[in-house]
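For reference, upload.txt (compact mmCIF, C-alpha atoms and all ligand atoms):
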```
# COMPACT_ATOMS: atom_id res chain seq x y z
CA MET A 1 35.40 43.34 -9.50
CA THR A 2 39.06 42.42 -10.09
CA ASP A 3 40.97 40.46 -7.48
CA GLY A 4 43.05 42.49 -5.08
CA PHE A 5 46.84 42.31 -5.11
CA GLY A 6 46.85 40.18 -1.97
CA GLN A 7 44.58 37.60 -3.59
CA ARG A 8 46.66 37.55 -6.75
CA LEU A 9 49.87 37.17 -4.76
CA GLN A 10 48.32 34.37 -2.72
CA GLY A 11 47.31 32.71 -6.00
CA VAL A 12 50.95 32.87 -7.13
CA PHE A 13 52.14 31.39 -3.81
CA ASP A 14 49.70 28.51 -4.26
CA THR A 15 50.60 27.75 -7.87
CA ARG A 16 54.05 29.13 -8.64
CA GLY A 17 55.74 29.46 -5.27
CA ARG A 18 57.40 32.30 -3.43
CA MET A 19 60.36 33.25 -5.55
CA CYS A 20 60.71 36.68 -7.09
CA LEU A 21 63.46 37.30 -9.65
CA GLY A 22 65.02 40.73 -9.23
CA ILE A 23 65.93 42.18 -12.62
CA ASP A 24 68.97 44.32 -11.81
CA PRO A 25 71.09 45.01 -14.90
CA HIS A 26 74.29 46.09 -13.13
CA PRO A 27 76.99 47.25 -15.58
CA TRP A 28 79.20 44.26 -14.66
CA LEU A 29 76.34 41.85 -15.29
CA LEU A 30 75.62 43.45 -18.67
CA GLU A 31 79.26 42.90 -19.57
CA ALA A 32 79.19 39.31 -18.34
CA TRP A 33 76.06 38.71 -20.43
CA GLY A 34 77.80 40.17 -23.52
CA LEU A 35 75.46 43.17 -23.63
CA ASP A 36 76.17 46.89 -24.00
CA ASP A 37 75.71 49.23 -21.07
CA SER A 38 72.99 51.09 -22.97
CA GLY A 39 69.21 51.32 -23.28
CA ALA A 40 69.30 48.48 -25.80
CA GLY A 41 71.46 46.43 -23.43
CA VAL A 42 69.14 46.77 -20.42
CA ARG A 43 66.13 46.01 -22.63
CA GLU A 44 67.71 42.80 -23.87
CA PHE A 45 68.77 41.86 -20.33
CA GLY A 46 65.26 42.47 -19.00
CA LEU A 47 63.55 40.57 -21.80
CA ARG A 48 65.83 37.55 -21.40
CA ALA A 49 65.24 37.59 -17.64
CA VAL A 50 61.47 37.65 -18.17
CA ASP A 51 61.75 34.84 -20.68
CA ALA A 52 63.71 32.69 -18.21
CA ALA A 53 61.28 33.45 -15.36
CA ALA A 54 58.12 32.77 -17.38
CA GLY A 55 56.52 29.46 -16.48
CA ARG A 56 59.07 28.79 -13.71
CA ILE A 57 58.16 31.38 -11.08
CA GLY A 58 55.40 33.95 -10.61
CA VAL A 59 56.95 37.34 -9.81
CA VAL A 60 59.66 39.63 -11.18
CA LYS A 61 61.01 42.84 -9.67
CA PRO A 62 62.80 45.13 -12.11
CA GLN A 63 65.11 47.51 -10.23
CA ILE A 64 64.22 50.85 -11.79
CA ALA A 65 67.56 52.50 -10.96
CA PHE A 66 69.47 50.37 -13.45
CA PHE A 67 67.07 51.33 -16.25
CA GLU A 68 66.89 55.00 -15.21
CA ARG A 69 70.66 55.26 -15.73
CA HIS A 70 69.87 55.27 -19.46
CA GLY A 71 67.29 58.04 -19.42
CA ALA A 72 64.51 57.86 -21.99
CA ALA A 73 65.97 54.73 -23.60
CA GLY A 74 65.99 53.04 -20.20
CA TYR A 75 62.35 53.94 -19.63
CA ALA A 76 61.40 52.67 -23.08
CA ALA A 77 63.18 49.43 -22.18
CA LEU A 78 61.20 49.22 -18.94
CA GLU A 79 57.90 49.63 -20.77
CA ARG A 80 58.80 46.67 -23.01
CA VAL A 81 59.99 44.54 -20.12
CA PHE A 82 56.82 45.25 -18.11
CA ALA A 83 54.62 44.45 -21.12
CA GLU A 84 56.43 41.16 -21.80
CA ALA A 85 56.19 40.20 -18.14
CA ARG A 86 52.46 40.96 -18.06
CA ASP A 87 51.92 38.94 -21.24
CA ALA A 88 53.83 36.04 -19.68
CA GLY A 89 51.46 36.08 -16.70
CA LEU A 90 54.10 37.28 -14.24
CA LEU A 91 53.31 39.70 -11.43
CA VAL A 92 55.55 42.76 -11.73
CA ILE A 93 56.86 44.72 -8.76
CA ALA A 94 58.37 48.06 -9.78
CA ASP A 95 61.27 48.55 -7.39
CA ALA A 96 61.05 52.32 -7.66
CA LYS A 97 61.35 53.23 -3.96
CA ARG A 98 59.54 56.54 -4.13
CA GLY A 99 58.42 58.77 -1.27
CA ASP A 100 57.45 62.43 -0.73
CA ILE A 101 54.57 64.58 0.51
CA GLY A 102 51.19 63.05 -0.24
CA SER A 103 50.24 65.17 -3.27
CA THR A 104 53.54 64.33 -4.99
CA VAL A 105 53.60 60.68 -4.06
CA ASP A 106 50.13 60.42 -5.60
CA ALA A 107 51.75 61.29 -8.95
CA TYR A 108 54.28 58.49 -8.46
CA ALA A 109 51.32 56.18 -7.93
CA ASP A 110 49.83 57.36 -11.25
CA ALA A 111 53.11 56.46 -12.95
CA TRP A 112 53.68 53.01 -11.45
CA LEU A 113 50.16 51.85 -10.58
CA GLY A 114 47.82 53.83 -12.84
CA ASP A 115 45.63 51.70 -15.12
CA GLU A 116 46.54 53.78 -18.18
CA SER A 117 50.25 54.17 -17.49
CA PRO A 118 52.73 52.42 -19.79
CA LEU A 119 54.81 51.83 -16.66
CA ARG A 120 52.01 50.20 -14.68
CA ALA A 121 53.09 47.38 -12.42
CA ASP A 122 51.18 45.12 -10.04
CA ALA A 123 52.93 46.67 -7.05
CA MET A 124 55.70 49.12 -6.25
CA THR A 125 58.16 49.66 -3.44
CA ILE A 126 57.61 52.89 -1.53
CA TYR A 127 58.99 54.88 1.42
CA ALA A 128 56.81 56.16 4.23
CA TYR A 129 59.49 58.11 6.10
CA GLN A 130 57.44 61.27 5.59
CA GLY A 131 54.77 59.60 7.69
CA LEU A 132 52.47 56.70 6.90
CA GLY A 133 49.83 59.39 6.29
CA SER A 134 51.86 60.67 3.32
CA ILE A 135 51.10 57.44 1.46
CA ALA A 136 47.48 57.12 2.60
CA GLY A 137 46.24 58.26 -0.81
CA VAL A 138 48.54 55.79 -2.56
CA MET A 139 47.34 52.92 -0.38
CA GLU A 140 43.74 53.80 -1.34
CA ARG A 141 44.57 54.08 -5.04
CA ALA A 142 46.57 50.87 -5.11
CA ASP A 143 43.83 48.93 -3.37
CA ALA A 144 41.08 50.37 -5.55
CA ALA A 145 43.03 49.38 -8.68
CA GLY A 146 43.73 45.83 -7.46
CA ARG A 147 47.42 46.69 -7.04
CA GLY A 148 49.78 46.62 -4.10
CA LEU A 149 52.62 48.33 -2.27
CA PHE A 150 55.68 47.16 -0.38
CA VAL A 151 56.54 49.76 2.23
CA VAL A 152 60.22 49.83 3.17
CA ALA A 153 60.42 48.84 6.84
CA ALA A 154 63.56 46.92 7.94
CA THR A 155 66.05 46.80 5.11
CA SER A 156 68.91 44.44 4.37
CA ASN A 157 71.69 47.07 4.49
CA PRO A 158 73.49 47.35 7.84
CA GLU A 159 73.57 51.15 7.90
CA ALA A 160 69.74 51.34 7.97
CA ALA A 161 69.39 50.14 11.55
CA ALA A 162 70.08 53.54 13.18
CA ILE A 163 67.03 55.08 11.55
CA GLN A 164 64.75 52.06 11.28
CA GLN A 165 65.29 51.03 14.92
CA ALA A 166 64.86 54.59 16.25
CA VAL A 167 62.04 55.04 18.75
CA LEU A 168 59.15 57.28 17.76
CA GLN A 169 58.62 60.33 19.94
CA ARG A 170 55.42 61.97 18.78
CA SER A 171 52.86 59.65 17.33
CA SER A 172 49.95 57.50 18.36
CA ARG A 173 52.68 54.85 18.26
CA ALA A 174 55.16 56.79 20.45
CA GLY A 175 57.61 54.42 22.10
CA GLU A 176 57.57 51.98 19.18
CA ARG A 177 60.48 51.56 16.77
CA VAL A 178 60.13 53.12 13.31
CA ALA A 179 60.09 49.81 11.43
CA GLY A 180 57.77 48.10 13.90
CA ALA A 181 55.35 51.02 13.87
CA LEU A 182 55.28 51.01 10.06
CA VAL A 183 54.53 47.30 9.91
CA ALA A 184 51.83 47.60 12.58
CA GLY A 185 50.34 50.62 10.83
CA ILE A 186 50.17 48.83 7.48
CA ALA A 187 48.66 45.71 9.02
CA ALA A 188 46.01 47.85 10.72
CA TRP A 189 45.24 49.60 7.42
CA ASN A 190 44.85 46.27 5.63
CA ALA A 191 42.52 45.04 8.36
CA GLU A 192 40.21 48.07 8.26
CA ARG A 193 39.24 47.69 4.60
CA GLU A 194 35.89 46.36 3.52
CA GLY A 195 36.02 42.62 2.89
CA ALA A 196 39.34 42.26 4.72
CA ALA A 197 38.03 39.44 6.89
CA GLU A 198 37.69 37.12 3.87
CA GLN A 199 41.18 37.79 2.50
CA ARG A 200 44.24 35.69 3.25
CA LEU A 201 46.64 38.49 2.25
CA GLY A 202 46.11 42.25 2.26
CA PRO A 203 47.21 44.58 -0.57
CA ILE A 204 49.81 46.55 1.36
CA GLY A 205 52.99 44.77 2.36
CA ALA A 206 56.36 45.52 3.93
CA VAL A 207 60.00 45.08 2.99
CA ILE A 208 61.92 43.10 5.61
CA GLY A 209 65.46 42.06 4.70
CA ALA A 210 66.81 38.52 5.06
CA THR A 211 70.02 39.80 6.67
CA ILE A 212 68.37 41.20 9.80
CA ASP A 213 66.30 39.97 12.72
CA PRO A 214 62.93 41.78 12.55
CA ARG A 215 62.62 41.63 16.35
CA ASP A 216 65.58 44.02 16.63
CA PHE A 217 63.42 46.47 14.69
CA GLY A 218 60.41 46.16 16.97
CA ILE A 219 58.46 44.10 14.44
CA ASP A 220 55.95 41.73 16.00
CA THR A 221 56.67 38.27 14.61
CA ASN A 222 54.54 36.40 17.16
CA GLU A 223 51.08 37.23 15.96
CA ALA A 224 49.93 36.81 12.37
CA PRO A 225 48.08 39.89 11.11
CA ARG A 226 44.65 39.35 9.57
CA PRO A 227 44.58 39.54 6.65
CA GLY A 228 48.16 38.34 6.24
CA LEU A 229 50.91 40.79 5.39
CA PRO A 230 52.80 40.45 2.09
CA VAL A 231 56.50 40.60 2.99
CA LEU A 232 59.12 41.25 0.33
CA VAL A 233 62.35 39.65 1.55
CA PRO A 234 65.53 40.78 -0.26
CA GLY A 235 69.13 40.13 0.79
CA ILE A 236 69.49 36.38 0.28
CA GLY A 237 72.57 35.27 -1.62
CA PHE A 238 74.79 38.17 -2.59
CA GLN A 239 74.17 40.21 0.58
CA GLY A 240 74.72 37.21 2.83
CA GLY A 241 71.17 36.51 3.98
CA GLU A 242 70.60 32.82 4.68
CA LEU A 243 67.49 31.43 3.08
CA ALA A 244 67.14 28.70 5.72
CA GLU A 245 66.92 31.30 8.50
CA VAL A 246 64.08 33.30 6.96
CA PRO A 247 61.08 31.28 8.25
CA ALA A 248 62.23 31.36 11.87
CA ARG A 249 63.16 35.04 11.73
CA LEU A 250 59.84 36.06 10.23
CA GLY A 251 57.85 33.82 12.55
CA ALA A 252 54.13 34.48 12.11
CA LEU A 253 54.90 36.84 9.22
CA ALA A 254 56.47 34.04 7.14
CA ALA A 255 53.07 33.17 5.65
CA GLY A 256 53.31 36.30 3.49
CA ALA A 257 56.98 35.97 2.50
CA LEU A 258 58.05 36.57 -1.09
CA LEU A 259 61.78 35.88 -1.45
CA THR A 260 63.65 37.92 -4.00
CA ASP A 261 67.08 37.23 -5.46
CA SER A 262 68.84 39.29 -8.08
CA ARG A 263 72.63 39.05 -8.51
CA GLN A 264 73.23 35.53 -7.28
CA VAL A 265 70.83 34.14 -9.84
CA LEU A 266 71.53 36.65 -12.62
CA GLN A 267 75.24 35.92 -12.59
CA ALA A 268 74.45 32.49 -14.06
CA GLY A 269 74.34 34.37 -17.37
CA PRO A 270 71.70 34.26 -20.08
CA ASP A 271 72.27 30.60 -20.91
CA GLY A 272 72.30 29.34 -17.33
CA LEU A 273 69.59 31.63 -15.98
CA ALA A 274 66.55 29.39 -16.41
CA ASP A 275 68.28 26.56 -14.51
CA ALA A 276 69.52 28.91 -11.81
CA ILE A 277 65.99 30.25 -11.31
CA ALA A 278 64.58 26.73 -11.13
CA ARG A 279 67.20 25.71 -8.53
CA ARG A 280 66.55 28.78 -6.38
CA ALA A 281 62.79 28.29 -6.68
CA ASP A 282 63.20 24.68 -5.51
CA GLU A 283 65.22 25.79 -2.47
CA ILE A 284 62.55 28.36 -1.64
CA GLY A 285 59.81 25.79 -2.20
CA ALA A 286 61.45 23.51 0.35
CA LEU A 287 61.24 26.16 3.10
CA ASP A 288 58.81 25.55 5.92
CA VAL A 289 56.44 28.50 5.46
O1 LIG B 301 63.10 46.74 -1.81
C1 LIG B 301 64.01 45.98 -2.14
O2 LIG B 301 63.84 45.13 -3.00
C2 LIG B 301 65.26 46.00 -1.36
C3 LIG B 301 65.15 46.30 -0.02
C4 LIG B 301 66.22 45.99 0.84
O3 LIG B 301 66.12 46.07 2.05
N1 LIG B 301 67.38 45.53 0.30
C5 LIG B 301 67.52 45.32 -1.04
O4 LIG B 301 68.59 44.83 -1.45
N2 LIG B 301 66.50 45.63 -1.89
C6 LIG B 301 66.65 45.51 -3.35
O5 LIG B 301 66.70 44.12 -3.67
C7 LIG B 301 67.69 43.87 -4.66
C8 LIG B 301 68.74 42.96 -4.05
O6 LIG B 301 69.61 42.52 -5.01
P1 LIG B 301 70.63 41.30 -4.75
O7 LIG B 301 71.39 41.64 -3.51
O8 LIG B 301 71.48 41.32 -5.98
O9 LIG B 301 69.80 40.06 -4.62
C9 LIG B 301 68.21 45.22 -5.10
O10 LIG B 301 67.46 45.65 -6.24
C10 LIG B 301 67.92 46.14 -3.93
O11 LIG B 301 67.68 47.47 -4.32
```

Spit out the file's structure as C-alpha cells when you get a sec.
Amino acid sequence: MTDGFGQRLQGVFDTRGRMCLGIDPHPWLLEAWGLDDSGAGVREFGLRAVDAAAGRIGVVKPQIAFFERHGAAGYAALERVFAEARDAGLLVIADAKRGDIGSTVDAYADAWLGDESPLRADAMTIYAYQGLGSIAGVMERADAAGRGLFVVAATSNPEAAAIQQAVLQRSSRAGERVAGALVAGIAAWNAEREGAAEQRLGPIGAVIGATIDPRDFGIDTNEAPRPGLPVLVPGIGFQGGELAEVPARLGALAAGALLTDSRQVLQAGPDGLADAIARRADEIGALDV
C-alpha cells in the first residue's frame, strides 16, 4: 500500500523542511522575467520555478488561475509543470479552490487527484462552503489514492472574516464559527480512519492564513489533533503576514504547518530565484515548530 499524503508530507518536513513555493505567474511577474503573457510564457515560468525549487525544498503549489487565463495552452503548460515537479520529487499542491455539490465536486477530484489524470497532483485546495458533507466523497477518494486536500478555513484576505467567523445556526456544530467548525470536522474525519492512530499527520488539512489569528475564527489552537492536521499557511511576505508570528498563532496546530510564499520569492526573477528560495527556506527552518 502506498503511503498516505500525511505520511509523505511528514517525510518532506523531516527531510526538506516546511517551505512551499507558490507558482503564481502574474502578468507583471511574467514581464519582469522577460516572458510573454501566453501559454508558452506560463509554461516557461512554471518550469523555471520547478527547477529552482528542486533539491532545495519539498513542495510547490501552482496557482491554477494564472494558467487557466490561457485556456487550453495554459492547461497544457500545467500538465508539463506538474510532470516536471513529480519527476523532481516535489510534492505538488494544485491550488484549484474548487467546490460544489458532492456529485460535481467528485469530478473535480477526478481531474486533480485521479491516478490517470494528466493534471493529477498530490493534493488540492478545496472549498467546503456547501457543507463538509459535500466533500465527503472527495475526502474518501483522496485518502484512498494516497493524496490530500487543503480545505479553505480561515483565509489571509481581510474581507473573508465576515463569512468565516459567522456562527453556525443549524448543524451538529451549531454555535461554533464556520472556520472553527470546518477545522474540527476535518480533524475528526482524519481521526476516524483506519490506521489513524499510527499516523503523525492525516491526509486532510486546512488553509489558515498567516495574516490572521485563528482564535478569532473559533479555531482550537490549544489541543493538537491526532493525527496532526496539515495546515497550509499562505499570506507571508507580500500580504503582510509575519513569519515569526506563525508558530505562536497556530499554537498546537503549528506541528502541521506548511508555509507558502509566492510573489515575494518569485520577484527575485529567474536568475535570483534559487537563492531567494534557499533564503526563505532557511528562515522557515529556523522557526520553532
Ligand atoms: O489556498 C491558498 O493558497 C490561499 C489561501 C489564502 O487564504 N490566501 C492566499 O493568498 N492563498 C493563495 O496563496 C497565494 C499567495 O500568494 P502570495 O501572496 O504572492 O504569496 C495565492 O496563490 C493565493 O491564491

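A search radius of 8 Å centred on (54.2, 43.9, 13.1), applied to all atoms listed in the file, returns the residues Gly180, Ala181, Leu182, Val183, Ala184, Ala187, Gly218, Ile219, Asp220, Thr221, Glu223 and Pro225 of chain A.
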
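Using all atoms listed in the file, the protein and nucleic acid residues lying no more than 10 Å from Arg69 of chain A, apart from those fewer than 5 places from it along its own chain, are Asp37, Ser38, Gly39, Val42, Ile64, Gly74 and Tyr75 of chain A.
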
Surrounding residues of segment 108-118 of chain A excluding itself and chain neighbours under 3 positions, 10 Å, only C-alpha atoms, as an MDAnalysis selection string: chainID A and resid 75:76 78:80 82:83 93:100 102:105 121:126 135 137:139 141:142 145:149

Expected answer as a list of chain:residue names: all residues with atoms within 12 Å of (60.5, 21.9, 6.3), all atoms listed in the file: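 Protein and nucleic acid residues near the point are A:Ala244, A:Glu245, A:Val246, A:Pro247, A:Ala248, A:Glu283, A:Ile284, A:Gly285, A:Ala286, A:Leu287, A:Asp288, A:Val289.
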
Near-Pro234 of chain A list (7 Å; only C-alpha atoms; drop same-chain fewer than 3 positions) as JSON, numbers by chain: {"A": [156, 209, 210, 259, 260, 261]}

Straight-line distance linking atom CA of Gln63 of chain A with atom CA of Gly46 of chain A, stated in Å to one decimal: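 Taking atom CA of Gln63 of chain A and atom CA of Gly46 of chain A, their separation equals 10.1 Å.
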
Residue neighbourhood Leu35 of chain A, 8 Å, all atoms listed in the file, exclusion window fewer than 4 positions, as a list in words: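 Surrounding residues, per the criterion: Leu30, Glu31, Gly41, Val42, Glu44 and Phe45 of chain A.
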
Residues just named, written with C-alpha atoms as a compact mmCIF listing (two decimals), in the frame of the given file:
```txt
# COMPACT_ATOMS: atom_id res chain seq x y z
CA LEU A 30 75.62 43.45 -18.67
CA GLU A 31 79.26 42.90 -19.57
CA GLY A 41 71.46 46.43 -23.43
CA VAL A 42 69.14 46.77 -20.42
CA GLU A 44 67.71 42.80 -23.87
CA PHE A 45 68.77 41.86 -20.33
```

Å distance separating atom CA of Glu176 of chain A from atom CA of Val233 of chain A, one decimal place: 22.0 Å

Among listed residues A:Ile57, A:Ala206, A:Val50, A:Ala255, nearest ligand LIG 301 (chain B) (using only C-alpha atoms and all ligand atoms): A:Ala206

Residue neighbourhood Ala274 of chain A, 9 Å, all atoms listed in the file, exclusion window fewer than 5 positions, as a ChimeraX atom specification: /A:49,51-53,56,268,279

Nearest-residue call for ligand LIG 301 (chain B), choices A:Arg280, A:Arg263, A:Arg120, A:Arg193, using only C-alpha atoms and all ligand atoms: A:Arg263

Of the listed residues A:Ala128, A:Val152, A:Ala161, A:Val167, that which approaches ligand LIG 301 (chain B) most closely, counting all atoms listed in the file: A:Val152

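Straight-line separation from atom CA of Ile23 of chain A to atom CA of Arg8 of chain A: 20.7 Å.
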
Using 4 Å of padding on each side, determine the axis-aligned box around all atoms of ligand LIG 301 (chain B) present in the file and give its centre and edge lengths in Å to one decimal, as JSON.
```
{"center_x": 67.3, "center_y": 43.8, "center_z": -2.1, "size_x": 16.4, "size_y": 15.4, "size_z": 16.3}
```
